[in-house]
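Asks: Sending over input09.tsv (TSV, C-alpha atoms).
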```tsv
chain	number	residue	atom	x	y	z
K	255	MET	CA	-131.03	8.40	8.88
K	256	SER	CA	-129.18	11.46	7.62
K	257	THR	CA	-125.43	11.61	7.68
K	258	PRO	CA	-124.07	13.61	10.61
K	259	ASP	CA	-122.77	16.96	9.44
K	260	ALA	CA	-122.78	20.61	10.44
K	261	SER	CA	-126.53	20.98	9.85
K	262	PHE	CA	-127.21	18.21	12.34
K	263	LEU	CA	-125.44	20.23	15.01
K	264	THR	CA	-127.31	23.45	14.26
K	265	SER	CA	-130.67	21.69	14.22
K	266	ALA	CA	-130.03	19.78	17.45
K	267	LEU	CA	-128.48	22.69	19.31
K	268	PRO	CA	-131.72	24.50	20.33
K	269	SER	CA	-133.31	21.38	21.84
K	270	LEU	CA	-130.01	20.47	23.51
K	271	LEU	CA	-129.85	23.95	25.06
K	272	ALA	CA	-133.51	23.85	26.08
K	273	ILE	CA	-133.36	20.42	27.72
K	274	GLY	CA	-129.98	21.16	29.33
K	275	GLY	CA	-131.28	24.44	30.71
K	276	MET	CA	-134.48	22.83	31.95
K	277	ALA	CA	-132.45	20.11	33.68
K	278	LEU	CA	-130.16	22.66	35.31
K	279	VAL	CA	-132.88	24.94	36.71
K	280	THR	CA	-134.91	21.95	37.90
K	281	TYR	CA	-131.96	20.56	39.84
K	282	LEU	CA	-131.29	24.02	41.28
K	283	THR	CA	-134.85	24.11	42.67
K	284	ARG	CA	-134.35	20.65	44.19
K	285	ALA	CA	-131.04	21.56	45.81
K	286	ALA	CA	-131.79	25.15	46.87
K	287	GLY	CA	-133.97	24.33	49.89
K	288	LEU	CA	-131.26	22.28	51.59
K	289	ALA	CA	-128.49	24.66	50.53
K	290	VAL	CA	-130.29	27.59	52.18
K	291	MET	CA	-131.52	25.75	55.28
K	292	SER	CA	-128.12	24.25	56.10
K	293	ARG	CA	-126.77	27.81	56.41
K	294	LEU	CA	-129.55	29.09	58.67
K	295	THR	CA	-130.30	28.69	62.34
K	296	VAL	CA	-134.01	28.07	62.48
K	297	SER	CA	-135.92	29.43	65.44
K	298	GLY	CA	-138.89	31.63	66.36
K	299	ARG	CA	-141.13	32.68	63.49
K	300	LEU	CA	-138.98	30.99	60.85
K	301	GLU	CA	-139.26	27.72	62.76
K	302	ARG	CA	-143.04	28.03	62.88
K	303	PHE	CA	-143.06	28.86	59.15
K	304	MET	CA	-140.98	25.79	58.31
K	305	LYS	CA	-143.01	23.48	60.55
K	306	ALA	CA	-146.22	24.49	58.76
K	307	ILE	CA	-144.77	24.01	55.27
K	308	PRO	CA	-145.25	20.22	54.82
K	309	GLY	CA	-148.96	20.32	55.69
K	310	ALA	CA	-149.45	23.54	53.73
K	311	ILE	CA	-147.86	22.02	50.60
K	312	LEU	CA	-149.98	18.87	50.84
K	313	ALA	CA	-153.17	20.87	51.45
K	314	SER	CA	-152.33	23.15	48.50
K	315	ILE	CA	-151.65	20.21	46.17
K	316	VAL	CA	-155.00	18.57	46.89
K	317	ALA	CA	-157.22	21.65	47.33
K	318	PRO	CA	-158.23	22.27	43.68
K	319	SER	CA	-158.76	18.62	42.74
K	320	ALA	CA	-160.44	17.79	46.06
K	321	LEU	CA	-162.68	20.80	46.64
K	322	ALA	CA	-163.18	22.55	43.31
K	323	ALA	CA	-163.64	19.60	40.93
K	324	GLY	CA	-167.16	18.58	41.98
K	325	PRO	CA	-169.14	16.62	44.58
K	326	ALA	CA	-167.75	13.21	43.51
K	327	GLU	CA	-164.16	14.36	44.10
K	328	ALA	CA	-165.01	16.12	47.37
K	329	LEU	CA	-166.78	13.06	48.80
K	330	ALA	CA	-164.02	10.73	47.56
K	331	THR	CA	-161.45	12.92	49.30
K	332	LEU	CA	-163.44	12.60	52.51
K	333	ALA	CA	-163.58	8.80	52.07
K	334	THR	CA	-159.82	8.68	51.41
K	335	ALA	CA	-159.13	10.71	54.53
K	336	LEU	CA	-161.33	8.43	56.65
K	337	VAL	CA	-159.65	5.25	55.37
K	338	ALA	CA	-156.19	6.79	55.86
K	339	TRP	CA	-157.10	7.88	59.38
K	340	ARG	CA	-158.54	4.50	60.39
K	341	SER	CA	-156.02	2.24	58.66
K	342	SER	CA	-152.80	4.26	58.19
K	343	ASN	CA	-152.48	2.18	55.00
K	344	LEU	CA	-151.49	4.29	51.98
K	345	PRO	CA	-152.23	1.82	49.14
K	346	LEU	CA	-155.59	1.00	50.74
K	347	ALA	CA	-156.51	4.69	51.08
K	348	MET	CA	-155.46	5.29	47.46
K	349	ALA	CA	-157.55	2.36	46.18
K	350	ALA	CA	-160.53	3.47	48.26
K	351	GLY	CA	-160.33	7.01	46.88
K	352	VAL	CA	-160.15	5.83	43.27
K	353	ALA	CA	-163.03	3.34	43.80
K	354	VAL	CA	-165.26	5.94	45.46
K	355	VAL	CA	-164.58	8.60	42.83
K	356	LEU	CA	-165.35	6.10	40.03
K	357	ALA	CA	-168.60	5.00	41.69
K	358	LEU	CA	-169.74	8.55	42.43
K	359	ARG	CA	-168.87	9.87	38.97
K	360	PHE	CA	-170.98	7.05	37.57
K	361	ALA	CA	-173.82	7.60	40.06
K	362	LEU	CA	-173.87	11.38	39.80
K	363	GLY	CA	-173.40	11.34	36.03
R	397	MET	CA	-117.75	20.05	59.79
R	398	ARG	CA	-120.12	17.35	60.97
R	399	THR	CA	-119.18	14.82	63.57
R	400	HIS	CA	-119.87	11.16	63.00
R	401	ALA	CA	-122.48	11.08	65.77
R	402	ASP	CA	-124.70	13.63	63.96
R	403	LEU	CA	-125.06	11.48	60.86
R	404	ILE	CA	-127.99	9.15	60.30
R	405	ARG	CA	-127.99	5.78	58.57
R	406	PHE	CA	-127.98	5.60	54.76
R	407	SER	CA	-128.44	1.91	54.04
R	408	LEU	CA	-129.53	-0.48	51.31
R	409	PRO	CA	-132.52	-1.71	53.40
R	410	GLY	CA	-133.59	1.93	53.77
R	411	LEU	CA	-133.30	2.43	50.02
R	412	LEU	CA	-135.34	-0.71	49.34
R	413	ALA	CA	-137.99	0.34	51.85
R	414	GLY	CA	-138.34	3.64	50.00
R	415	PHE	CA	-138.57	1.86	46.64
R	416	ARG	CA	-141.20	-0.60	47.90
R	417	ASN	CA	-143.35	2.01	49.62
R	418	CYS	CA	-143.40	4.06	46.45
R	419	LEU	CA	-144.52	1.27	44.09
R	420	PRO	CA	-148.30	1.93	44.20
R	421	VAL	CA	-147.74	5.63	43.57
R	422	ALA	CA	-145.19	4.93	40.83
R	423	LEU	CA	-147.79	2.87	38.95
R	424	GLY	CA	-150.00	5.97	38.88
R	425	VAL	CA	-147.03	8.03	37.69
R	426	ALA	CA	-146.45	5.55	34.84
R	427	VAL	CA	-149.92	6.21	33.41
R	428	TYR	CA	-148.95	9.84	33.01
R	429	GLY	CA	-145.52	8.84	31.68
R	430	ILE	CA	-147.16	6.93	28.83
R	431	LEU	CA	-149.36	9.96	28.15
R	432	PHE	CA	-146.29	12.23	28.09
R	433	GLY	CA	-144.38	9.96	25.69
R	434	LEU	CA	-147.39	9.78	23.41
R	435	LEU	CA	-147.96	13.54	23.38
R	436	ALA	CA	-144.24	14.20	22.89
R	437	ARG	CA	-144.20	12.08	19.74
R	438	GLN	CA	-147.32	13.84	18.44
R	439	LYS	CA	-145.58	17.18	19.09
R	440	GLY	CA	-142.62	16.05	16.96
R	441	LEU	CA	-140.05	15.41	19.69
R	442	THR	CA	-137.61	12.65	18.83
R	443	LEU	CA	-137.20	9.68	21.17
R	444	VAL	CA	-133.78	11.04	22.19
R	445	GLU	CA	-135.29	14.44	23.07
R	446	THR	CA	-138.18	12.86	24.96
R	447	GLN	CA	-135.96	10.52	26.95
R	448	SER	CA	-133.31	13.18	27.64
R	449	MET	CA	-136.05	15.24	29.23
R	450	SER	CA	-137.25	12.32	31.36
R	451	LEU	CA	-133.70	11.32	32.35
R	452	PHE	CA	-132.25	14.75	33.11
R	453	VAL	CA	-135.18	17.06	33.90
R	454	PHE	CA	-137.35	14.35	35.47
R	455	ALA	CA	-140.29	16.53	36.50
R	456	GLY	CA	-143.65	15.39	35.15
R	457	ALA	CA	-145.70	18.57	35.41
R	458	SER	CA	-143.02	20.80	33.88
R	459	GLN	CA	-142.34	18.26	31.10
R	460	LEU	CA	-146.02	18.23	30.14
R	461	ILE	CA	-146.16	22.02	30.22
R	462	ALA	CA	-142.98	22.19	28.11
R	463	LEU	CA	-144.77	20.24	25.37
R	464	ASP	CA	-147.26	23.11	25.10
R	465	LEU	CA	-144.41	25.54	24.41
R	466	TRP	CA	-142.38	23.23	22.20
R	467	SER	CA	-142.54	24.37	18.63
R	468	THR	CA	-140.45	22.90	15.88
R	469	ASN	CA	-141.53	25.73	13.61
R	470	LEU	CA	-138.36	26.55	11.67
R	471	SER	CA	-138.98	30.28	11.23
R	472	SER	CA	-139.56	31.08	14.90
R	473	GLY	CA	-137.36	28.30	16.25
R	474	LEU	CA	-137.54	26.67	19.65
R	475	PRO	CA	-138.45	29.14	22.45
R	476	VAL	CA	-135.43	28.08	24.50
R	477	LEU	CA	-135.61	30.84	27.10
R	478	SER	CA	-139.34	30.56	27.78
R	479	LEU	CA	-138.97	26.78	28.11
R	480	ILE	CA	-136.24	27.19	30.75
R	481	LEU	CA	-138.02	30.01	32.59
R	482	THR	CA	-141.37	28.21	32.66
R	483	THR	CA	-139.68	25.07	33.96
R	484	LEU	CA	-138.02	27.09	36.72
R	485	ILE	CA	-141.33	28.63	37.79
R	486	VAL	CA	-143.25	25.35	37.69
R	487	ASN	CA	-140.58	23.69	39.83
R	488	LEU	CA	-140.04	26.47	42.39
R	489	ARG	CA	-142.17	24.49	44.87
R	490	HIS	CA	-139.22	22.05	45.13
R	491	VAL	CA	-137.32	24.72	47.07
R	492	LEU	CA	-139.80	24.55	49.95
R	493	MET	CA	-139.98	20.74	49.72
R	494	GLY	CA	-136.22	20.38	50.01
R	495	ALA	CA	-136.20	22.86	52.88
R	496	ALA	CA	-138.87	20.84	54.71
R	497	LEU	CA	-136.67	17.72	54.50
R	498	SER	CA	-133.57	19.57	55.67
R	499	PRO	CA	-133.74	18.38	59.32
R	500	TRP	CA	-132.89	14.89	57.96
R	501	LEU	CA	-130.86	15.83	54.89
R	502	THR	CA	-128.39	17.90	56.92
R	503	ARG	CA	-127.59	14.68	58.81
R	504	LEU	CA	-126.37	12.97	55.63
R	505	THR	CA	-123.10	13.59	53.83
R	506	SER	CA	-123.36	16.31	51.17
R	507	GLY	CA	-122.97	13.72	48.44
R	508	GLN	CA	-125.78	11.57	49.79
R	509	ALA	CA	-128.11	14.53	50.33
R	510	PHE	CA	-127.53	16.45	47.08
R	511	GLY	CA	-127.44	13.20	45.10
R	512	SER	CA	-130.78	12.07	46.55
R	513	LEU	CA	-132.33	15.47	45.86
R	514	PHE	CA	-131.89	15.02	42.09
R	515	PHE	CA	-134.57	12.30	42.33
R	516	MET	CA	-136.99	14.20	44.58
R	517	THR	CA	-140.53	14.46	43.18
R	518	ASP	CA	-143.80	15.54	44.80
R	519	GLU	CA	-144.61	11.88	45.41
R	520	SER	CA	-141.27	10.72	46.86
R	521	TRP	CA	-141.01	13.92	48.91
R	522	ALA	CA	-144.40	13.36	50.53
R	523	LEU	CA	-143.74	9.66	51.22
R	524	THR	CA	-140.34	10.45	52.74
R	525	LEU	CA	-141.73	13.20	54.91
R	526	GLY	CA	-144.46	10.86	56.19
R	527	ARG	CA	-141.85	8.17	56.87
R	528	MET	CA	-139.52	10.52	58.78
R	529	ILE	CA	-142.37	11.80	60.95
R	530	GLU	CA	-143.50	8.23	61.65
R	531	ASP	CA	-139.91	7.30	62.59
R	532	LYS	CA	-139.86	10.17	65.06
R	533	ARG	CA	-143.20	9.13	66.59
R	534	LEU	CA	-142.07	5.51	66.97
R	535	ALA	CA	-138.63	6.59	68.20
R	536	ARG	CA	-137.19	4.55	65.33
R	537	GLU	CA	-133.84	5.53	63.84
R	538	PRO	CA	-134.48	7.22	60.46
R	539	ASP	CA	-132.79	5.98	57.31
R	540	GLY	CA	-131.72	8.75	54.94
R	541	ALA	CA	-131.74	6.42	51.92
R	542	PHE	CA	-135.57	6.29	51.92
R	543	LEU	CA	-135.74	9.49	49.83
R	544	LEU	CA	-133.33	8.07	47.24
R	545	GLY	CA	-135.16	4.72	47.15
R	546	SER	CA	-138.60	6.25	46.62
R	547	GLY	CA	-137.12	8.73	44.12
R	548	LEU	CA	-135.44	5.95	42.12
R	549	CYS	CA	-138.76	4.08	42.03
R	550	VAL	CA	-140.52	7.07	40.44
R	551	TYR	CA	-137.48	7.61	38.17
R	552	ALA	CA	-137.55	4.03	36.87
R	553	PHE	CA	-141.30	4.00	36.24
R	554	TRP	CA	-141.33	7.49	34.72
R	555	ASN	CA	-138.51	6.76	32.29
R	556	LEU	CA	-139.78	3.33	31.24
R	557	SER	CA	-143.30	4.69	30.71
R	558	THR	CA	-142.31	7.78	28.71
R	559	ALA	CA	-140.16	5.58	26.42
R	560	LEU	CA	-143.04	3.13	26.08
R	561	GLY	CA	-145.47	5.95	25.31
R	562	HIS	CA	-143.18	7.36	22.61
R	563	THR	CA	-142.33	4.08	20.90
R	564	LEU	CA	-145.17	1.60	21.33
R	565	VAL	CA	-148.40	3.10	22.54
R	566	ARG	CA	-150.58	4.40	19.73
R	567	GLY	CA	-153.52	5.61	21.76
R	568	LEU	CA	-154.49	6.02	25.38
R	569	ASP	CA	-157.81	6.45	27.07
R	570	ASP	CA	-158.27	9.45	29.29
R	571	PRO	CA	-156.89	8.34	32.70
R	572	ALA	CA	-159.92	10.06	34.28
R	573	LYS	CA	-162.13	7.36	32.74
R	574	TYR	CA	-160.67	4.91	35.27
R	575	GLY	CA	-160.51	7.38	38.15
R	576	LEU	CA	-156.71	7.37	37.86
R	577	ASP	CA	-156.53	11.17	37.82
R	578	PHE	CA	-157.82	10.99	41.40
R	579	ALA	CA	-155.05	8.58	42.54
R	580	PHE	CA	-152.68	11.48	43.23
R	581	THR	CA	-155.30	13.49	45.12
R	582	ALA	CA	-155.95	10.36	47.21
R	583	VAL	CA	-152.26	9.78	47.94
R	584	PHE	CA	-151.58	13.35	49.02
R	585	THR	CA	-154.79	13.41	51.09
R	586	ALA	CA	-153.74	10.23	52.90
R	587	LEU	CA	-150.27	11.66	53.55
R	588	LEU	CA	-151.81	14.88	54.88
R	589	VAL	CA	-153.92	12.83	57.31
R	590	GLY	CA	-150.73	10.93	58.22
R	591	LEU	CA	-149.13	14.18	59.38
R	592	LYS	CA	-151.74	14.12	62.19
R	593	PRO	CA	-152.36	17.89	62.26
R	594	ARG	CA	-152.82	19.40	65.72
R	595	ARG	CA	-154.91	22.37	66.82
R	596	GLN	CA	-152.23	24.95	66.03
R	597	ASP	CA	-151.94	23.49	62.50
R	598	ILE	CA	-155.61	24.07	61.62
R	599	LEU	CA	-155.38	27.80	60.79
R	600	PRO	CA	-152.30	27.42	58.51
R	601	LEU	CA	-154.02	24.52	56.72
R	602	ILE	CA	-157.20	26.54	56.15
R	603	VAL	CA	-155.19	29.53	54.87
R	604	ALA	CA	-153.13	27.26	52.57
R	605	THR	CA	-156.27	25.58	51.20
R	606	ALA	CA	-158.11	28.86	50.58
R	607	THR	CA	-155.07	30.45	48.91
R	608	ALA	CA	-154.45	27.41	46.72
R	609	LEU	CA	-158.11	27.35	45.63
R	610	ALA	CA	-158.05	31.03	44.70
R	611	CYS	CA	-154.69	30.81	42.90
R	612	ALA	CA	-155.67	27.67	40.99
R	613	ARG	CA	-158.52	29.72	39.49
R	614	LEU	CA	-156.47	32.82	38.76
R	615	LEU	CA	-152.96	31.68	37.88
R	616	PRO	CA	-151.59	29.20	35.32
R	617	GLY	CA	-149.45	26.14	36.00
R	618	LYS	CA	-148.46	25.09	39.48
R	619	TRP	CA	-148.30	28.54	41.10
R	620	TYR	CA	-151.14	27.56	43.43
R	621	ILE	CA	-148.95	25.05	45.29
R	622	LEU	CA	-146.21	27.57	46.00
R	623	ALA	CA	-148.70	30.33	46.86
R	624	GLY	CA	-150.74	28.11	49.19
R	625	ALA	CA	-147.62	26.77	50.91
R	626	VAL	CA	-146.17	30.23	51.53
R	627	ALA	CA	-149.54	31.57	52.76
R	628	GLY	CA	-149.93	28.62	55.16
R	629	GLY	CA	-146.39	29.10	56.44
R	630	LEU	CA	-146.95	32.81	56.98
R	631	ALA	CA	-150.19	32.12	58.85
R	632	ALA	CA	-148.21	29.88	61.22
R	633	ALA	CA	-145.34	32.34	61.58
R	634	LEU	CA	-147.46	35.45	62.12
R	635	GLY	CA	-150.28	33.82	64.08
R	636	PRO	CA	-150.22	33.15	67.81
R	637	ALA	CA	-147.38	30.94	69.06
R	638	PRO	CA	-148.49	27.44	70.10
R	639	VAL	CA	-149.32	27.03	73.80
R	640	SER	CA	-146.68	24.37	74.39
R	641	PRO	CA	-143.69	24.83	72.09
R	642	SER	CA	-142.27	21.45	71.13
R	643	ALA	CA	-138.75	22.84	71.24
R	644	SER	CA	-136.90	22.26	74.50
R	645	ALA	CA	-136.32	25.98	74.99
R	646	PRO	CA	-138.63	28.68	73.65
R	647	ALA	CA	-137.01	30.91	71.07
R	648	PRO	CA	-136.22	34.45	72.22
R	649	GLY	CA	-139.15	36.74	71.61
R	650	SER	CA	-141.76	34.00	71.55
R	651	THR	CA	-143.76	34.30	74.74
R	652	PRO	CA	-145.95	31.30	75.47
R	653	ARG	CA	-149.59	32.30	75.49
R	654	GLN	CA	-151.49	32.20	78.79
R	655	PRO	CA	-154.33	29.68	78.88
```
Let me see the file written as structure tokens.
Replies:
Amino acid sequence: MSTPDASFLTSALPSLLAIGGMALVTYLTRAAGLAVMSRLTVSGRLERFMKAIPGAILASIVAPSALAAGPAEALATLATALVAWRSSNLPLAMAAGVAVVLALRFALG
Amino acid sequence: MRTHADLIRFSLPGLLAGFRNCLPVALGVAVYGILFGLLARQKGLTLVETQSMSLFVFAGASQLIALDLWSTNLSSGLPVLSLILTTLIVNLRHVLMGAALSPWLTRLTSGQAFGSLFFMTDESWALTLGRMIEDKRLAREPDGAFLLGSGLCVYAFWNLSTALGHTLVRGLDDPAKYGLDFAFTAVFTALLVGLKPRRQDILPLIVATATALACARLLPGKWYILAGAVAGGLAAALGPAPVSPSASAPAPGSTPRQP
């Protein structure tokens, strides 16, 4: 442990600024959606845009890892979707997806 | 000014329901938290720096990307501005996520809503959205504390695991070896199925998927999520209006299509 002095402040300042700035901009992104939407009246095309956003975000999150990672991942995504559709049980669907991807990665090498 | 009647419940049972529902997902998050803590120590971040990032930034993908940029090289110094700018870009998708939850968040007090949003992650956002849509379908009164509860669950597991990774864990297998990398794909797939897409949702979903696939190949970081989401939204906004608008009165200018 070094004794706290002026050099401690100058060496800690950049990381303090970086982490503080990262925290600030991240919170701004989290708060901005509500801040904007609470000032808007949503109807017509904007309403249709907003209604499509949840599904579009979820589809975009999974697309690369589900469809572009290989046959094991694509088939496991299909299995996950089937279990989710039949059971509406999230932990079960998650476990099924992980089990199927493990088995297929092993089987398909 | 909101009237009391507009507000929805924000209760401890709702918070606990959110926390409980998020537990399986939070366990998956913790695997990546340990990985982050471990990598942060290897990169030369102190425990205080690592934990400050987890406590105050609290965004897994951008924290991992920040490690790539982090250089303790004394001559060039820390690239403070690029760290902040990259974090902003990686997290821009939160704007659309928060907007998508606004029908419920505007029915909380500002303090409840903007406080809960600090803890919003991809995982807690998706779970909350699924819950709110299920509430609507079952005509059950929504509880606004679900977002905070699921967010706190991820927060607790993320912070404990990054601290653990920095202090105790000396080595970690590749999560892919146990199929754990696929856990998130599985969760988001199940939540997408839970949205029960209808016919008018198919085109936006296809456009979002195709755009995300193309952008994941061409662009770095998490741009593909934002790009796919915006493309899907535009496809819905610019495409034909649904045959039976769910709103009680059709918006001016939107003529229902003839069968």
Asks: List the spatial neighbours of Ala572 (chain R) as JSON, numbers by chain - criterion: any atom at most 12 Å away, only C-alpha atoms, same-chain residues fewer than 2 positions off excluded.
Replies: {"K": [327, 352, 355, 356, 359, 360], "R": [424, 427, 428, 568, 569, 570, 574, 575, 576, 577, 578, 579, 580]}
Asks: Work out how far CA of Ser450 (chain R) is from CA of Ile430 (chain R), in Å to one decimal.
Replies: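 Separating CA of Ile430 (chain R) from CA of Ser450 (chain R) is a distance of 11.6 Å.
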Asks: Show me, as a PyMOL selection string, the residues that have an atom within 12 Å of Ser506 (chain R) when counting only C-alpha atoms, minus same-chain residues fewer than 5 positions from it.
Replies: (chain K and resi 285+288-289+292) or (chain R and resi 397-398+403+498+500-501+511-513+540)
Asks: The residues within 9 Å of (-153.3, 21.6, 45.8), using all atoms listed in the file and the coordinates of the file, should be reported as a list in words; which are they?
Replies: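 Residues lying no farther than 9 Å from the given point: Ile311, Leu312, Ala313, Ser314, Ile315, Val316, Ala317, Pro318, Ser319 and Ala320 of chain K; Thr581, Ala604, Thr605, Ala608, Leu609, Ala612, Lys618, Tyr620, Ile621 and Gly624 of chain R.
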Asks: The selected residues should be written to file as a PDB file, keeping the file's coordinate frame (atoms: C-alpha atoms).
Replies:
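The resulting file, again-v8.pdb, is shown below:
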```pdb
ATOM      1  CA  ILE K 311    -147.860  22.020  50.600  1.00  0.00           C
ATOM      2  CA  LEU K 312    -149.980  18.870  50.840  1.00  0.00           C
ATOM      3  CA  ALA K 313    -153.170  20.870  51.450  1.00  0.00           C
ATOM      4  CA  SER K 314    -152.330  23.150  48.500  1.00  0.00           C
ATOM      5  CA  ILE K 315    -151.650  20.210  46.170  1.00  0.00           C
ATOM      6  CA  VAL K 316    -155.000  18.570  46.890  1.00  0.00           C
ATOM      7  CA  ALA K 317    -157.220  21.650  47.330  1.00  0.00           C
ATOM      8  CA  PRO K 318    -158.230  22.270  43.680  1.00  0.00           C
ATOM      9  CA  SER K 319    -158.760  18.620  42.740  1.00  0.00           C
ATOM     10  CA  ALA K 320    -160.440  17.790  46.060  1.00  0.00           C
TER      11      ALA K 320
ATOM     12  CA  THR R 581    -155.300  13.490  45.120  1.00  0.00           C
ATOM     13  CA  ALA R 604    -153.130  27.260  52.570  1.00  0.00           C
ATOM     14  CA  THR R 605    -156.270  25.580  51.200  1.00  0.00           C
ATOM     15  CA  ALA R 608    -154.450  27.410  46.720  1.00  0.00           C
ATOM     16  CA  LEU R 609    -158.110  27.350  45.630  1.00  0.00           C
ATOM     17  CA  ALA R 612    -155.670  27.670  40.990  1.00  0.00           C
ATOM     18  CA  LYS R 618    -148.460  25.090  39.480  1.00  0.00           C
ATOM     19  CA  TYR R 620    -151.140  27.560  43.430  1.00  0.00           C
ATOM     20  CA  ILE R 621    -148.950  25.050  45.290  1.00  0.00           C
ATOM     21  CA  GLY R 624    -150.740  28.110  49.190  1.00  0.00           C
TER      22      GLY R 624
END
```
Asks: Hey, what's within 8 Å of Gly545 (chain R) if we count only C-alpha atoms and toss same-chain stuff fewer than 3 positions away? As a PyMOL selection string, please?
Replies: chain R and resi 410-415+541-542+548-549
Asks: Nearest residue to Leu622 (chain R) out of K:Ala310, K:Leu271, K:Ala350, K:Met276, using only C-alpha atoms?
Replies: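 That would be K:Ala310, the residue with the smallest distance to Leu622 (chain R).
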Asks: Find the distance between CA of Phe515 (chain R) and CA of Gly547 (chain R) and write it in Å to one decimal.
Replies: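 Between these atoms lies a distance of 4.7 Å.
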Asks: Have a look at CA of Ala422 (chain R) and CA of Leu564 (chain R) and let me know their distance in Å, one decimal.
Replies: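 Separation of CA of Ala422 (chain R) and CA of Leu564 (chain R): 19.8 Å.
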